[in-house]
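Participant: Before I ask anything, let me first share the structure, which is written out below as structure tokens.
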Amino acid sequence: MPGPLGGVRVIDFATLLPGPLAGLVLAHAGAEVIKIERPGSGDEMRSYVPRSGPTSANFAVLNRGKRSVAADLKDAGQADAVRELIDGADVLIEQFRPGVMERLGLGYDWLAARNPGLVYCSISGYGQEGPRAGRVGHDLNYAAGTGLLDLARDGTGAPAMPPALIADIAGGAYPALINILLALRDRDRTGRGAHLDVSMAHNLFPLQYWALATVGATGAWPRPGGELVTGGSPRYRLYRTADDGWLAVAPIEQRFWDRFCQIIELPGTLRDDAADPGATAAEVARRIAARTTAHWETTFADEDVCVNVVTALRDAVADPQFAPWLGDFGVAGDHGEAIPALPLPLATAVRTDPGPGVPGLGADSGLLGSPEGGR
């Protein structure tokens, strides 16, 4: 099946994670995604470890089913050929710092004059304008500079290292996807594309909605590590067990909290956690720490109280809830070697299979200057 984006051509100049992940989702929805890569080295992610044979596993999971064109954009002839390829495209994704595409003769205004329906998506750290627009950074920098890391601190006051690349994915790839799809929908109505300015740092603020709502309503800034969802409440915490496992305890609603307190036999004087949150949390911690992880896992297995064990990834992927979904995905590397593939946030009804292969660098360079290239 062609998928909902069948017939849509995407030209992808992006490297590493945000743009390639956005392009991967588009490919799994039926779009034709063509990577434009540097001759010789290609996307920097191709060099990353671990490797399966000669193929980078990171590159493989992010670029399944795409095509690869190797082109030196500083060479006038090759740049012209790439522009002709863009003339027949629906979407362009780029991830350079502001101004780079313009210097290469690939800025939005110039390309849109040739292809008015082009949806041109620029993903950057801080957006196309503003005092930080040209500043380099990575995921950790964006999370640090937008208040996100400050909200959750441990007992020593140190901010926690994020376990996922939140800015790259939640601030970059996913907003890019949303805006690309909306712009394509709007193009159906108007016939015109758009230039989409996606800032990874800016897009971290919606993730802090509760903190911003608190400020708006009360004028008080949230206390790092001291609010409901950052460890300030006994009802939303991680508690250590007797064998150094952990329970994720989140019985926020009163009915869940009441049952949780019954199960762990919390004294009645401490069940009103608003009276002395510290004392309640300390006693909950003491009672959880008195029993093993296995005991609590069994105890809470059939209880509706929003409690579960902190699970290792190796166990999560074998969980019957997730294993069938994860098992739907497989990918082959450049030389046919098996590489784990990335599950994506696409419902079965809109997902299609772009094919198992990972594009070899420049494997589709024949598209430049060919009738197929211009469609």
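In the structure tokens, chains take letters A, B, ... by order of appearance, with residues numbered from 1 within each chain and ligands from 1 in the order shown.
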I'd like the contact shell of Val350 (chain A) - 10 Å cut-off, only C-alpha atoms, skipping same-chain residues fewer than 4 positions apart - returned as a list in words.
Facilitator: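 Neighbouring residues, sequence-local ones excluded: Met1, Pro2, Gly3, Pro4, Leu5, His28, Ala29, Gly30 and Leu346 of chain A.
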Participant: Quick one: everything within 9 Å of Leu344 (chain A), counting only C-alpha atoms, minus sequence neighbours fewer than 3 positions away in the same chain. Send it as JSON, numbers by chain.
Facilitator: {"A": [24, 25, 28, 347]}
Participant: Give the strand (DSSP E or B) residues of region 200-319 of chain A, as assigned by DSSP on the backbone, as a ChimeraX atom specification.
Facilitator: /A:237-240,246-249,307-309
Participant: Residues of the last selection are to be written out with C-alpha atoms, as an mmCIF file, in the first residue's frame.
Facilitator:
```cif
data_model
loop_
_atom_site.group_PDB
_atom_site.id
_atom_site.type_symbol
_atom_site.label_atom_id
_atom_site.label_comp_id
_atom_site.auth_asym_id
_atom_site.auth_seq_id
_atom_site.Cartn_x
_atom_site.Cartn_y
_atom_site.Cartn_z
ATOM 1 C CA ARG A 237 7.976 9.524 43.658
ATOM 2 C CA LEU A 238 10.494 6.773 43.160
ATOM 3 C CA TYR A 239 10.938 4.598 46.240
ATOM 4 C CA ARG A 240 13.800 2.149 46.853
ATOM 5 C CA TRP A 246 12.741 0.837 42.700
ATOM 6 C CA LEU A 247 9.016 1.425 42.589
ATOM 7 C CA ALA A 248 7.439 4.175 40.514
ATOM 8 C CA VAL A 249 4.602 5.345 42.760
ATOM 9 C CA VAL A 307 2.367 1.639 40.913
ATOM 10 C CA ASN A 308 4.893 -0.408 39.001
ATOM 11 C CA VAL A 309 8.512 -1.524 39.116
#
```
Participant: In Å, how far is it from CA of Leu140 (chain A) to CA of Asp168 (chain A)?
Facilitator: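 Atom-to-atom, CA of Leu140 (chain A) and CA of Asp168 (chain A) are spaced 9.5 Å apart.
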Participant: Please list as a list in words every residue within 10 Å of Leu165 (chain A), counting only C-alpha atoms and excluding residues in the same chain fewer than 5 positions away.
Facilitator: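 Result of the neighbour search: Leu17, Pro18, His138, Asp139, Leu140, Ala143, Ala170 and Gly171 of chain A.
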Participant: Could you check the closest approach to Thr352 (chain A) for each of A:Thr230, A:Tyr48, A:Asp273, A:Glu32 and tell me which residue wins, using only C-alpha atoms?
Facilitator: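 Of A:Thr230, A:Tyr48, A:Asp273, A:Glu32, the one nearest Thr352 (chain A) is A:Glu32, counting only C-alpha atoms.
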Participant: Quick one: pull the distance between CA of Arg9 (chain A) and CA of His335 (chain A), Å, one decimal.
Facilitator: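 Distance between the two atoms: 26.2 Å.
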Participant: Rank nothing, just name the residue among A:Leu118, A:Ala349, A:Ala71, A:Ala250 nearest to Gly193 (chain A), using only C-alpha atoms.
Facilitator: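 Under the stated criterion, the closest residue is A:Leu118.
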Participant: Pick out the residues sitting within 12 Å of region 216-226 of chain A, and hand them over as an MDAnalysis selection string; count only C-alpha atoms, and ignore anything fewer than 5 positions along from it in its own chain.
Facilitator: chainID A and resid 147:160 208:211 231:234 236:237 277:278
Participant: Point out the residue among A:Pro116, A:Gly366, A:Gly172, A:Pro251 with the least atom-to-atom distance to Ala194 (chain A), counting only C-alpha atoms.
Facilitator: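 Between A:Pro116, A:Gly366, A:Gly172, A:Pro251, the residue approaching Ala194 (chain A) most closely is A:Pro116.
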